[in-house]
$ cat work_13.cif   # mmCIF, C-alpha atoms
data_structure
#
loop_
_atom_site.label_atom_id
_atom_site.label_comp_id
_atom_site.auth_asym_id
_atom_site.auth_seq_id
_atom_site.Cartn_x
_atom_site.Cartn_y
_atom_site.Cartn_z
CA MET X 11 -4.24 39.94 -2.38
CA GLN X 12 -4.59 37.31 0.26
CA ILE X 13 -2.28 37.60 3.22
CA LYS X 14 -1.38 34.40 4.92
CA GLY X 15 -1.68 34.48 8.68
CA GLU X 16 0.48 31.41 9.15
CA ILE X 17 4.01 31.48 10.43
CA GLN X 18 6.51 30.60 7.73
CA MET X 19 7.23 26.90 8.05
CA ASN X 20 10.70 25.61 7.45
CA LYS X 21 10.56 21.97 8.18
CA THR X 22 11.70 19.00 6.16
CA LEU X 23 10.09 15.71 7.06
CA ILE X 24 11.86 12.47 6.18
CA ILE X 25 9.44 9.56 5.79
CA ASN X 26 11.48 6.36 5.90
CA ALA X 27 9.43 3.46 4.55
CA HIS X 28 12.20 0.88 4.48
CA PRO X 29 11.59 -2.26 6.58
CA LYS X 30 15.36 -2.40 7.22
CA VAL X 31 15.06 1.07 8.84
CA ASP X 32 18.78 1.93 9.07
CA ASP X 33 20.53 -0.92 7.31
CA THR X 34 23.58 0.24 5.35
CA SER X 35 23.23 -2.46 2.68
CA SER X 36 19.96 -1.01 1.35
CA TYR X 37 20.35 0.88 -1.92
CA SER X 38 17.51 3.29 -1.24
CA LEU X 39 18.87 4.10 2.23
CA LYS X 40 22.38 4.61 0.84
CA VAL X 41 21.05 7.10 -1.68
CA PHE X 42 18.93 8.76 0.98
CA HIS X 43 21.91 9.18 3.36
CA HIS X 44 23.89 10.71 0.53
CA PHE X 45 21.03 13.13 -0.07
CA LEU X 46 20.76 14.02 3.62
CA THR X 47 24.48 14.78 3.97
CA ALA X 48 24.41 17.08 0.95
CA TYR X 49 21.15 18.70 2.02
CA LYS X 50 22.30 19.40 5.59
CA GLU X 51 25.34 21.26 4.29
CA LEU X 52 23.21 23.51 2.13
CA ILE X 53 20.22 24.42 4.26
CA PRO X 54 20.14 27.42 6.61
CA ASP X 55 20.12 26.91 10.40
CA SER X 56 16.46 27.90 10.52
CA GLU X 57 15.47 24.75 8.62
CA THR X 58 14.61 21.84 10.87
CA ILE X 59 14.63 18.22 9.85
CA GLU X 60 12.42 15.58 11.42
CA GLN X 61 12.29 11.91 10.57
CA ILE X 62 9.65 9.25 10.99
CA ASP X 63 10.69 5.61 10.59
CA LEU X 64 7.53 3.80 9.56
CA TYR X 65 8.87 0.37 10.47
CA SER X 66 10.09 1.25 13.98
CA ASP X 67 8.00 4.26 15.10
CA VAL X 68 4.35 3.78 15.95
CA VAL X 69 2.17 4.34 12.88
CA PRO X 70 -1.31 3.11 13.80
CA ILE X 71 -3.09 0.80 11.41
CA VAL X 72 -6.71 1.53 10.67
CA ASP X 73 -8.26 -1.40 12.51
CA LYS X 74 -11.33 -2.21 14.60
CA THR X 75 -10.21 0.07 17.42
CA VAL X 76 -9.66 3.05 15.10
CA LEU X 77 -12.92 2.52 13.22
CA SER X 78 -14.81 2.28 16.50
CA ALA X 79 -13.11 5.46 17.76
CA TRP X 80 -14.01 7.37 14.57
CA GLU X 81 -17.61 6.24 14.87
CA LYS X 82 -17.72 7.45 18.50
CA GLN X 83 -16.11 10.77 17.57
CA ARG X 84 -18.80 11.33 14.94
CA ASN X 85 -21.46 10.66 17.55
CA GLU X 86 -19.63 12.67 20.24
CA GLN X 87 -19.30 9.67 22.51
CA GLU X 88 -16.47 9.09 24.95
CA LEU X 89 -13.50 7.00 23.80
CA THR X 90 -11.95 4.13 25.74
CA SER X 91 -8.36 4.72 26.90
CA GLN X 92 -7.10 2.40 24.15
CA GLU X 93 -9.08 4.27 21.49
CA LYS X 94 -7.84 7.58 22.83
CA GLU X 95 -4.23 6.44 22.79
CA VAL X 96 -4.37 5.31 19.19
CA THR X 97 -6.28 8.33 17.86
CA ASP X 98 -3.93 10.69 19.76
CA ARG X 99 -1.00 9.06 18.02
CA MET X 100 -2.76 9.34 14.66
CA SER X 101 -3.24 13.06 15.29
CA GLU X 102 0.45 13.40 16.11
CA VAL X 103 1.41 11.65 12.87
CA LEU X 104 -1.00 13.83 10.89
CA HIS X 105 0.14 17.09 12.50
CA GLN X 106 3.79 16.27 12.04
CA PHE X 107 3.02 15.77 8.34
CA LYS X 108 1.05 19.00 8.05
CA SER X 109 3.71 21.02 9.89
CA ALA X 110 6.38 20.37 7.24
CA ASP X 111 6.72 21.98 3.84
CA THR X 112 9.34 19.74 2.28
CA TYR X 113 9.09 15.95 2.25
CA VAL X 114 11.47 13.15 1.43
CA ILE X 115 10.05 9.62 1.17
CA VAL X 116 12.50 6.70 1.01
CA LEU X 117 11.21 3.33 -0.13
CA PRO X 118 12.22 0.04 -1.68
CA LEU X 119 9.90 -1.17 -4.46
CA HIS X 120 8.26 -4.43 -3.37
CA ASN X 121 5.86 -6.01 -5.85
CA PHE X 122 5.52 -2.80 -7.86
CA ASN X 123 3.83 -0.89 -5.09
CA ILE X 124 4.55 0.98 -1.87
CA PRO X 125 5.43 -1.00 1.29
CA SER X 126 2.38 -1.75 3.45
CA LYS X 127 3.52 0.56 6.27
CA LEU X 128 3.64 3.44 3.80
CA LYS X 129 0.03 2.67 2.89
CA ASP X 130 -0.72 2.72 6.65
CA TYR X 131 0.96 6.14 6.76
CA MET X 132 -1.10 7.40 3.80
CA ASP X 133 -4.25 6.30 5.64
CA ASN X 134 -3.04 8.36 8.65
CA ILE X 135 -2.46 11.57 6.67
CA MET X 136 -5.26 11.46 4.10
CA ILE X 137 -7.95 12.71 6.43
CA ALA X 138 -11.02 14.66 5.32
CA ARG X 139 -11.11 18.29 6.52
CA GLU X 140 -7.39 18.07 7.44
CA THR X 141 -5.59 17.44 4.17
CA PHE X 142 -8.52 17.39 1.73
CA LYS X 143 -12.20 18.21 1.77
CA TYR X 144 -15.31 16.94 0.08
CA THR X 145 -17.16 19.38 -2.16
CA GLU X 146 -20.19 18.93 -4.38
CA THR X 147 -17.95 18.45 -7.37
CA GLY X 148 -15.58 15.96 -5.77
CA SER X 149 -12.73 15.97 -3.25
CA VAL X 150 -10.24 18.85 -3.17
CA GLY X 151 -6.75 18.95 -1.63
CA LEU X 152 -5.95 21.44 1.16
CA LEU X 153 -2.15 21.53 0.92
CA LYS X 154 -1.89 23.98 -1.96
CA ASP X 155 0.71 26.25 -0.35
CA GLY X 156 3.77 25.35 -2.34
CA ARG X 157 4.99 22.21 -0.58
CA ARG X 158 7.62 20.00 -2.21
CA MET X 159 7.98 16.23 -2.35
CA LEU X 160 11.02 14.13 -3.18
CA VAL X 161 10.65 10.37 -3.47
CA ILE X 162 13.74 8.15 -3.43
CA GLN X 163 12.99 4.65 -4.66
CA ALA X 164 15.30 1.69 -5.26
CA SER X 165 14.34 -1.25 -7.44
CA GLY X 166 15.88 -4.32 -9.02
CA SER X 167 14.29 -3.64 -12.41
CA ILE X 168 14.11 -0.52 -14.60
CA TYR X 169 10.88 1.43 -14.83
CA THR X 170 11.64 4.25 -17.25
CA ASN X 171 11.86 2.46 -20.62
CA ASN X 172 8.19 3.01 -21.51
CA ASP X 173 7.50 -0.70 -21.50
CA TRP X 174 5.60 -3.20 -19.35
CA TYR X 175 7.56 -2.16 -16.25
CA THR X 176 6.52 1.46 -16.72
CA GLU X 177 2.91 0.32 -16.80
CA VAL X 178 3.13 -1.59 -13.53
CA GLU X 179 5.02 0.98 -11.44
CA TYR X 180 2.09 1.48 -9.10
CA SER X 181 4.23 2.98 -6.32
CA HIS X 182 5.18 6.12 -8.27
CA LYS X 183 1.82 6.46 -10.02
CA TYR X 184 -0.06 6.14 -6.74
CA LEU X 185 2.16 8.50 -4.72
CA LYS X 186 2.25 11.16 -7.44
CA SER X 187 -1.49 10.99 -7.92
CA MET X 188 -2.23 11.17 -4.17
CA PHE X 189 0.15 14.04 -3.38
CA ASN X 190 -0.95 16.01 -6.46
CA PHE X 191 -4.50 15.48 -5.28
CA LEU X 192 -3.63 16.82 -1.80
CA GLY X 193 -2.18 19.90 -3.51
CA ILE X 194 1.54 19.05 -3.61
CA GLU X 195 2.31 19.71 -7.26
CA ASP X 196 6.10 19.91 -6.85
CA TYR X 197 6.79 16.18 -6.93
CA GLN X 198 10.06 14.56 -7.98
CA ILE X 199 11.10 10.91 -7.96
CA ILE X 200 14.69 9.73 -8.03
CA ARG X 201 15.16 6.07 -8.83
CA ALA X 202 18.12 3.89 -7.96
CA GLN X 203 16.91 1.33 -10.46
CA GLY X 204 18.16 -1.82 -12.10
CA THR X 205 20.24 -3.04 -9.15
CA ALA X 206 19.42 -6.65 -10.17
CA LEU X 207 20.45 -6.07 -13.80
CA LEU X 208 23.31 -3.58 -13.80
CA GLU X 209 26.39 -3.05 -11.67
CA PRO X 210 24.78 -1.88 -8.38
CA ASN X 211 27.59 0.56 -7.62
CA GLU X 212 27.03 2.35 -10.91
CA VAL X 213 23.31 2.54 -10.24
CA VAL X 214 23.98 4.04 -6.82
CA GLU X 215 26.59 6.49 -8.15
CA LYS X 216 24.15 7.76 -10.77
CA ALA X 217 21.45 8.24 -8.13
CA TYR X 218 23.99 10.06 -5.88
CA LYS X 219 24.45 12.69 -8.59
CA GLU X 220 20.72 13.10 -8.97
CA VAL X 221 20.10 13.52 -5.24
CA GLU X 222 22.92 16.07 -5.01
CA GLU X 223 21.11 18.16 -7.62
CA ALA X 224 17.81 17.68 -5.82
CA ALA X 225 19.43 18.71 -2.52
CA SER X 226 20.65 21.98 -4.11
CA ARG X 227 17.28 22.67 -5.66
CA LEU X 228 15.34 21.98 -2.44
CA ALA X 229 17.80 23.85 -0.20
CA ALA X 230 17.64 26.92 -2.47
CA LYS X 231 13.82 27.07 -1.98
CA MET J 13 -12.82 -31.32 -4.86
CA GLY J 14 -11.43 -27.81 -5.10
CA LYS J 15 -9.66 -25.72 -2.52
CA VAL J 16 -10.96 -22.18 -2.21
CA LEU J 17 -9.37 -19.34 -0.29
CA TYR J 18 -11.66 -16.53 0.76
CA ILE J 19 -9.58 -13.48 1.68
CA THR J 20 -11.12 -10.39 3.24
CA ALA J 21 -9.43 -7.20 4.32
CA ASN J 22 -11.83 -5.16 6.38
CA PRO J 23 -11.58 -4.60 10.14
CA LYS J 24 -15.28 -3.80 10.45
CA SER J 25 -17.76 -6.30 11.84
CA ILE J 26 -19.87 -8.24 9.36
CA GLU J 27 -23.06 -6.26 10.10
CA ASN J 28 -21.33 -2.90 9.63
CA SER J 29 -19.41 -3.67 6.49
CA VAL J 30 -20.81 -3.73 2.98
CA SER J 31 -17.84 -5.74 1.77
CA HIS J 32 -18.36 -8.44 4.42
CA ARG J 33 -22.07 -8.64 3.66
CA VAL J 34 -21.54 -8.99 -0.08
CA GLY J 35 -18.65 -11.40 0.50
CA GLN J 36 -20.68 -13.58 2.83
CA ALA J 37 -23.51 -13.72 0.27
CA PHE J 38 -20.98 -14.91 -2.30
CA LEU J 39 -19.64 -17.50 0.10
CA GLN J 40 -23.04 -18.89 1.04
CA ALA J 41 -24.13 -19.20 -2.58
CA TYR J 42 -20.80 -20.81 -3.43
CA ARG J 43 -21.15 -23.37 -0.64
CA HIS J 44 -24.59 -24.39 -1.84
CA SER J 45 -23.49 -24.81 -5.42
CA HIS J 46 -20.08 -26.40 -4.77
CA THR J 47 -20.77 -28.79 -1.91
CA ASN J 48 -17.55 -30.77 -2.28
CA ASP J 49 -15.17 -27.83 -2.14
CA GLU J 50 -13.03 -27.02 0.84
CA ILE J 51 -13.22 -23.33 1.77
CA ARG J 52 -10.80 -21.53 4.01
CA GLU J 53 -11.62 -18.01 5.21
CA ILE J 54 -8.84 -15.58 6.07
CA ASN J 55 -9.64 -12.14 7.46
CA LEU J 56 -6.37 -10.25 7.14
CA TYR J 57 -7.38 -7.91 9.97
CA GLU J 58 -8.13 -10.79 12.37
CA GLU J 59 -5.48 -13.33 11.51
CA ASP J 60 -1.76 -13.04 12.06
CA PHE J 61 0.37 -14.08 9.12
CA PRO J 62 4.10 -13.83 8.36
CA THR J 63 5.02 -10.49 6.79
CA ILE J 64 8.19 -9.16 5.20
CA ASP J 65 10.45 -7.53 7.78
CA ASN J 66 14.08 -6.67 8.46
CA ASP J 67 15.05 -10.28 9.35
CA ILE J 68 13.46 -11.79 6.24
CA LEU J 69 15.00 -9.15 3.95
CA ASN J 70 18.38 -9.68 5.59
CA GLY J 71 18.10 -13.46 5.29
CA TRP J 72 17.16 -13.26 1.61
CA GLY J 73 19.90 -10.71 0.98
CA LYS J 74 22.56 -12.94 2.52
CA MET J 75 21.48 -15.92 0.41
CA ARG J 76 21.09 -14.00 -2.87
CA LYS J 77 23.95 -11.55 -2.74
CA ASN J 78 26.51 -13.22 -0.53
CA GLY J 79 25.93 -16.87 -1.47
CA ILE J 80 25.32 -17.90 2.14
CA SER J 81 23.30 -21.10 2.58
CA PHE J 82 20.05 -21.23 4.53
CA SER J 83 21.61 -23.23 7.38
CA GLU J 84 24.16 -20.46 7.93
CA LEU J 85 21.51 -17.81 8.58
CA ASN J 86 20.83 -16.89 12.18
CA GLU J 87 18.06 -18.60 14.08
CA VAL J 88 15.52 -15.78 13.84
CA GLU J 89 16.08 -15.40 10.08
CA GLN J 90 15.68 -19.16 9.53
CA GLN J 91 12.56 -19.31 11.64
CA LYS J 92 10.88 -16.36 9.94
CA ILE J 93 11.79 -17.49 6.41
CA ASN J 94 10.47 -20.98 7.18
CA ALA J 95 7.21 -19.56 8.51
CA LEU J 96 6.86 -17.33 5.44
CA ASN J 97 7.58 -20.26 3.08
CA THR J 98 4.97 -22.44 4.78
CA PHE J 99 2.44 -19.64 4.49
CA THR J 100 3.25 -18.91 0.82
CA ASP J 101 2.97 -22.63 -0.03
CA MET J 102 -0.36 -22.89 1.78
CA ILE J 103 -1.76 -19.91 -0.13
CA ALA J 104 -0.33 -21.13 -3.44
CA SER J 105 -1.94 -24.58 -3.00
CA ALA J 106 -5.48 -23.25 -3.46
CA ASP J 107 -7.34 -23.63 -6.76
CA LYS J 108 -9.54 -20.57 -6.52
CA TYR J 109 -9.19 -17.21 -4.77
CA VAL J 110 -11.91 -14.87 -3.64
CA PHE J 111 -10.69 -11.40 -2.62
CA VAL J 112 -13.10 -9.01 -0.95
CA SER J 113 -11.77 -5.56 -0.16
CA PRO J 114 -12.89 -2.00 0.42
CA MET J 115 -11.07 0.84 -1.33
CA TRP J 116 -9.21 3.06 1.12
CA ASN J 117 -7.78 6.34 -0.15
CA TRP J 118 -7.92 4.99 -3.71
CA GLY J 119 -5.69 2.04 -2.84
CA ILE J 120 -5.93 -1.34 -1.16
CA PRO J 121 -6.01 -1.74 2.63
CA PRO J 122 -2.41 -2.00 3.93
CA ARG J 123 -2.91 -5.52 5.30
CA LEU J 124 -3.79 -6.64 1.77
CA LYS J 125 -0.50 -5.18 0.52
CA ALA J 126 1.30 -7.03 3.31
CA PHE J 127 -0.50 -10.23 2.25
CA ILE J 128 0.50 -9.70 -1.40
CA ASP J 129 4.14 -9.32 -0.34
CA SER J 130 3.92 -12.66 1.49
CA PHE J 131 2.28 -14.35 -1.51
CA VAL J 132 3.94 -12.77 -4.55
CA VAL J 133 7.48 -13.94 -3.85
CA VAL J 134 10.29 -14.31 -6.40
CA GLY J 135 11.40 -17.92 -6.64
CA LYS J 136 8.22 -19.16 -4.94
CA THR J 137 5.20 -18.01 -6.92
CA PHE J 138 6.97 -16.44 -9.92
CA HIS J 139 10.42 -15.94 -11.39
CA TYR J 140 11.99 -13.39 -13.69
CA THR J 141 13.09 -14.10 -17.23
CA GLU J 142 14.57 -11.76 -19.83
CA ASN J 143 11.03 -11.09 -21.01
CA GLY J 144 9.68 -10.24 -17.59
CA PRO J 145 8.09 -12.26 -14.78
CA VAL J 146 6.61 -15.74 -15.28
CA GLY J 147 4.01 -17.02 -12.82
CA HIS J 148 3.93 -20.46 -11.23
CA LEU J 149 0.21 -20.55 -10.42
CA GLN J 150 -1.27 -21.36 -13.78
CA VAL J 151 -4.76 -22.83 -14.39
CA LYS J 152 -6.15 -21.13 -11.29
CA LYS J 153 -8.69 -18.40 -11.05
CA ALA J 154 -9.68 -15.49 -8.88
CA ILE J 155 -12.48 -13.05 -8.31
CA HIS J 156 -12.11 -9.65 -6.71
CA ILE J 157 -15.11 -8.04 -5.09
CA GLN J 158 -14.26 -4.38 -4.68
CA VAL J 159 -16.47 -2.21 -2.54
CA SER J 160 -16.25 1.57 -2.70
CA GLY J 161 -18.36 4.59 -1.81
CA GLY J 162 -17.61 6.25 -5.16
CA ILE J 163 -17.72 4.87 -8.71
CA TYR J 164 -14.41 3.67 -10.13
CA SER J 165 -15.37 1.07 -12.73
CA GLN J 166 -15.82 3.83 -15.33
CA GLU J 167 -14.62 7.33 -16.14
CA PRO J 168 -14.15 10.02 -14.91
CA PHE J 169 -12.67 8.35 -11.81
CA ALA J 170 -11.49 5.00 -13.19
CA LYS J 171 -7.95 6.38 -13.42
CA MET J 172 -8.01 7.00 -9.65
CA ASP J 173 -8.51 3.30 -8.99
CA TYR J 174 -5.14 2.07 -7.72
CA SER J 175 -6.79 -0.87 -6.04
CA HIS J 176 -8.37 -3.41 -8.43
CA PRO J 177 -5.95 -2.87 -11.36
CA TYR J 178 -3.03 -3.44 -8.96
CA LEU J 179 -4.44 -6.63 -7.44
CA LYS J 180 -5.25 -7.95 -10.94
CA GLN J 181 -1.72 -7.11 -12.08
CA VAL J 182 0.04 -8.99 -9.28
CA LEU J 183 -2.28 -11.99 -9.71
CA ASN J 184 -1.40 -11.99 -13.43
CA ILE J 185 2.29 -11.90 -12.50
CA ILE J 186 2.04 -15.09 -10.46
CA GLY J 187 0.17 -16.77 -13.34
CA ILE J 188 -3.50 -16.26 -12.48
CA ASP J 189 -4.81 -14.87 -15.77
CA ASP J 190 -8.47 -15.50 -15.06
CA VAL J 191 -9.37 -12.62 -12.72
CA GLU J 192 -13.01 -11.56 -12.54
CA VAL J 193 -14.10 -8.37 -10.86
CA LEU J 194 -17.35 -7.38 -9.23
CA TYR J 195 -17.68 -3.71 -8.32
CA VAL J 196 -20.14 -2.81 -5.59
CA GLU J 197 -19.87 0.93 -5.75
CA GLY J 198 -21.35 4.37 -5.45
CA TYR J 199 -23.49 3.84 -2.36
CA GLU J 200 -21.99 6.80 -0.48
CA PHE J 201 -22.63 9.29 -3.28
CA ASP J 202 -26.17 8.31 -4.03
CA LEU J 203 -27.64 7.79 -0.59
CA GLU J 204 -31.17 7.36 -1.86
CA ARG J 205 -30.06 4.41 -3.94
CA ALA J 206 -27.61 3.01 -1.34
CA ASP J 207 -29.83 0.11 -0.32
CA ASP J 208 -30.53 -0.77 -3.96
CA ILE J 209 -26.82 -0.70 -4.80
CA ILE J 210 -25.99 -3.02 -1.92
CA ARG J 211 -28.91 -5.35 -2.70
CA LYS J 212 -27.81 -5.53 -6.33
CA GLY J 213 -24.25 -6.21 -5.16
CA ILE J 214 -25.48 -9.16 -3.10
CA ASP J 215 -27.51 -10.52 -6.06
CA ASP J 216 -24.54 -10.14 -8.40
CA ALA J 217 -22.25 -11.83 -5.88
CA GLU J 218 -24.60 -14.82 -5.70
CA LYS J 219 -24.70 -15.07 -9.51
CA HIS J 220 -20.89 -14.89 -9.73
CA ALA J 221 -20.64 -17.57 -7.03
CA LEU J 222 -22.73 -20.09 -8.99
CA ALA J 223 -20.58 -19.68 -12.08
CA PHE J 224 -17.21 -19.48 -10.29
#
$ encode --input "work_13.cif" --output "structure tokens"
Amino acid sequence: MQIKGEIQMNKTLIINAHPKVDDTSSYSLKVFHHFLTAYKELIPDSETIEQIDLYSDVVPIVDKTVLSAWEKQRNEQELTSQEKEVTDRMSEVLHQFKSADTYVIVLPLHNFNIPSKLKDYMDNIMIARETFKYTETGSVGLLKDGRRMLVIQASGSIYTNNDWYTEVEYSHKYLKSMFNFLGIEDYQIIRAQGTALLEPNEVVEKAYKEVEEAASRLAAK
Amino acid sequence: MGKVLYITANPKSIENSVSHRVGQAFLQAYRHSHTNDEIREINLYEEDFPTIDNDILNGWGKMRKNGISFSELNEVEQQKINALNTFTDMIASADKYVFVSPMWNWGIPPRLKAFIDSFVVVGKTFHYTENGPVGHLQVKKAIHIQVSGGIYSQEPFAKMDYSHPYLKQVLNIIGIDDVEVLYVEGYEFDLERADDIIRKGIDDAEKHALAF
């Protein structure tokens, strides 16, 4: 039997990918706040919750500066102060991600895919030798220690009727595929969907019930 | 005379980037064979362009949900929506699109997603009907040159490609049905053949350019 030397982690990380950040009119944020209220009531005091707001906190984009810094790090050269600042922040973002064991991502669906800042975030946390590694037979995820992921997504259309919309739901397919690859097999998505077609309040009410159940499940461990 | 937009999404310099090198080869061959066309180059990592943010979402929300007119929006919302509209119209006025992008973590570079959100806009470049979206950019065409270290044009890893199929899908949504793809791929997993793969990519790009 393998004994884990790590300290038991009890951290939930909220990854808010909504450009409106804290706007109360957003359906996904409404559903998320409902989740958070329910979840906070159920979790023990030892559980900590952290939140990163991708549209107001600093999430570096992989640009010229970052690429140049990575190149220098490979060659063990000294970084400029600007390169150091941005790679330090990237490490912070990565380590915050790795230090949690439960994740909640909140996003609106824009053009069938994740918001661009969430892709920036993915490029900050999908780092070789940190969250996955290359082997001779392909890449392998390093987060296979029972982490859980809940995705809360709001959309104007409906994506669960096994039709054209199901085909083009790149957000869910991409996130599920990436987190499964990293080792996070416990992945659930809750959709507040059809807000452009149905009565929005009914859509939100239905999602409220689903996040209440998810909150109980996740709080129970 | 045709208007061509050449859109790249790679922060690397031209010498250090396979996608830039292949893209530039395409562009040069295209220029020689289409001397009357007007070509505009946009590097999404060099150029600033209007992107969707809180103010734009709020402005749209007020107009769509609350029936407020554009002139009643606040100054910042008006300004940003105007800038976005001008940009979307400029992009939509081209006849041909050349996209050159590397694959990052099995998806597109984030600045390309931001660009798509500024280009694929309900009411501007497509609208919804009961049968799904209908594009406004018909009779146009595009080519996507996708550059990746691994091989994604065929199994076993084709299902991990969330980059080209997505770009093709959104271009189809706005009405561009004619989307070619050129994969320049595998050069990081077969280092001995890397130079050959890149050279072949450049040759293929030149051939595609003549026929585009």
$ interface_residues --input "work_13.cif" --of "chain X" --to "chain J" --cutoff "6 Å" --atoms "all atoms listed in the file" --output "list in words"
Pro29, Lys30, Asp73, Lys74, Ser126, Lys129 and Asp130 of chain X
$ write_last_selection --input "work_13.cif" --atoms "C-alpha atoms" --output "CSV table (one decimal), keeping the file's coordinate frame"
chain,number,residue,atom,x,y,z
X,29,PRO,CA,11.6,-2.3,6.6
X,30,LYS,CA,15.4,-2.4,7.2
X,73,ASP,CA,-8.3,-1.4,12.5
X,74,LYS,CA,-11.3,-2.2,14.6
X,126,SER,CA,2.4,-1.8,3.4
X,129,LYS,CA,0.0,2.7,2.9
X,130,ASP,CA,-0.7,2.7,6.6
$ atom_distance --input "work_13.cif" --atom1 "atom CA of X:Val114" --atom2 "atom CA of X:Leu23"
6.3 Å
$ resolve_selection --input "work_13.cif" --expression "the PyMOL selection byres ((chain X and resi 75) around 10)" --output "compact mmCIF listing (two decimals) with C-alpha atoms, keeping the file's coordinate frame"
# COMPACT_ATOMS: atom_id res chain seq x y z
CA ILE X 71 -3.09 0.80 11.41
CA VAL X 72 -6.71 1.53 10.67
CA ASP X 73 -8.26 -1.40 12.51
CA LYS X 74 -11.33 -2.21 14.60
CA VAL X 76 -9.66 3.05 15.10
CA LEU X 77 -12.92 2.52 13.22
CA SER X 78 -14.81 2.28 16.50
CA ALA X 79 -13.11 5.46 17.76
CA TRP X 80 -14.01 7.37 14.57
CA GLU X 81 -17.61 6.24 14.87
CA LEU X 89 -13.50 7.00 23.80
CA THR X 90 -11.95 4.13 25.74
CA GLN X 92 -7.10 2.40 24.15
CA GLU X 93 -9.08 4.27 21.49
CA LYS X 94 -7.84 7.58 22.83
CA VAL X 96 -4.37 5.31 19.19
CA THR X 97 -6.28 8.33 17.86
CA PRO J 23 -11.58 -4.60 10.14
CA LYS J 24 -15.28 -3.80 10.45
$ atom_distance --input "work_13.cif" --atom1 "atom CA of J:Tyr164" --atom2 "atom CA of J:His176"
9.5 Å
$ resolve_selection --input "work_13.cif" --expression "the PyMOL selection byres ((chain J and resi 188-190) around 7)" --output "JSON, numbers by chain"
{"J": [149, 150, 151, 152, 153, 154, 183, 184, 186, 187, 191, 192]}
$ decode --input "work_13.cif" --residues "stretch 145-156 of chain X" --atoms "N, CA, C and O atoms" --output "mmCIF file, in the first residue's frame"
data_model
loop_
_atom_site.group_PDB
_atom_site.id
_atom_site.type_symbol
_atom_site.label_atom_id
_atom_site.label_comp_id
_atom_site.auth_asym_id
_atom_site.auth_seq_id
_atom_site.Cartn_x
_atom_site.Cartn_y
_atom_site.Cartn_z
ATOM 1 N N THR X 145 5.355 11.135 -21.463
ATOM 2 C CA THR X 145 5.992 9.819 -21.382
ATOM 3 C C THR X 145 6.173 9.332 -22.812
ATOM 4 O O THR X 145 5.702 9.980 -23.750
ATOM 5 N N GLU X 146 6.819 8.181 -22.961
ATOM 6 C CA GLU X 146 7.048 7.674 -24.310
ATOM 7 C C GLU X 146 5.754 7.344 -25.029
ATOM 8 O O GLU X 146 5.696 7.345 -26.245
ATOM 9 N N THR X 147 4.726 7.041 -24.237
ATOM 10 C CA THR X 147 3.469 6.637 -24.870
ATOM 11 C C THR X 147 2.434 7.766 -24.886
ATOM 12 O O THR X 147 1.260 7.527 -25.091
ATOM 13 N N GLY X 148 2.885 8.979 -24.653
ATOM 14 C CA GLY X 148 1.956 10.112 -24.676
ATOM 15 C C GLY X 148 1.962 10.846 -23.357
ATOM 16 O O GLY X 148 2.678 10.468 -22.422
ATOM 17 N N SER X 149 1.156 11.902 -23.240
ATOM 18 C CA SER X 149 1.126 12.700 -22.016
ATOM 19 C C SER X 149 0.212 12.058 -20.976
ATOM 20 O O SER X 149 -0.788 11.439 -21.320
ATOM 21 N N VAL X 150 0.567 12.217 -19.702
ATOM 22 C CA VAL X 150 -0.198 11.608 -18.611
ATOM 23 C C VAL X 150 -0.470 12.662 -17.536
ATOM 24 O O VAL X 150 0.427 13.414 -17.159
ATOM 25 N N GLY X 151 -1.702 12.703 -17.031
ATOM 26 C CA GLY X 151 -2.076 13.670 -16.003
ATOM 27 C C GLY X 151 -1.469 13.340 -14.650
ATOM 28 O O GLY X 151 -1.230 12.176 -14.335
ATOM 29 N N LEU X 152 -1.215 14.373 -13.837
ATOM 30 C CA LEU X 152 -0.593 14.168 -12.521
ATOM 31 C C LEU X 152 -1.534 14.498 -11.359
ATOM 32 O O LEU X 152 -1.106 14.574 -10.220
ATOM 33 N N LEU X 153 -2.812 14.722 -11.651
ATOM 34 C CA LEU X 153 -3.736 15.108 -10.572
ATOM 35 C C LEU X 153 -4.709 13.972 -10.264
ATOM 36 O O LEU X 153 -5.899 14.181 -10.078
ATOM 37 N N LYS X 154 -4.173 12.752 -10.193
ATOM 38 C CA LYS X 154 -5.050 11.597 -10.015
ATOM 39 C C LYS X 154 -5.248 11.257 -8.550
ATOM 40 O O LYS X 154 -5.064 10.120 -8.135
ATOM 41 N N ASP X 155 -5.559 12.264 -7.709
ATOM 42 C CA ASP X 155 -5.714 11.993 -6.285
ATOM 43 C C ASP X 155 -7.126 12.305 -5.807
ATOM 44 O O ASP X 155 -7.326 12.778 -4.697
ATOM 45 N N GLY X 156 -8.084 12.085 -6.681
ATOM 46 C CA GLY X 156 -9.474 12.177 -6.254
ATOM 47 C C GLY X 156 -10.057 13.579 -6.204
ATOM 48 O O GLY X 156 -10.944 13.860 -5.403
#
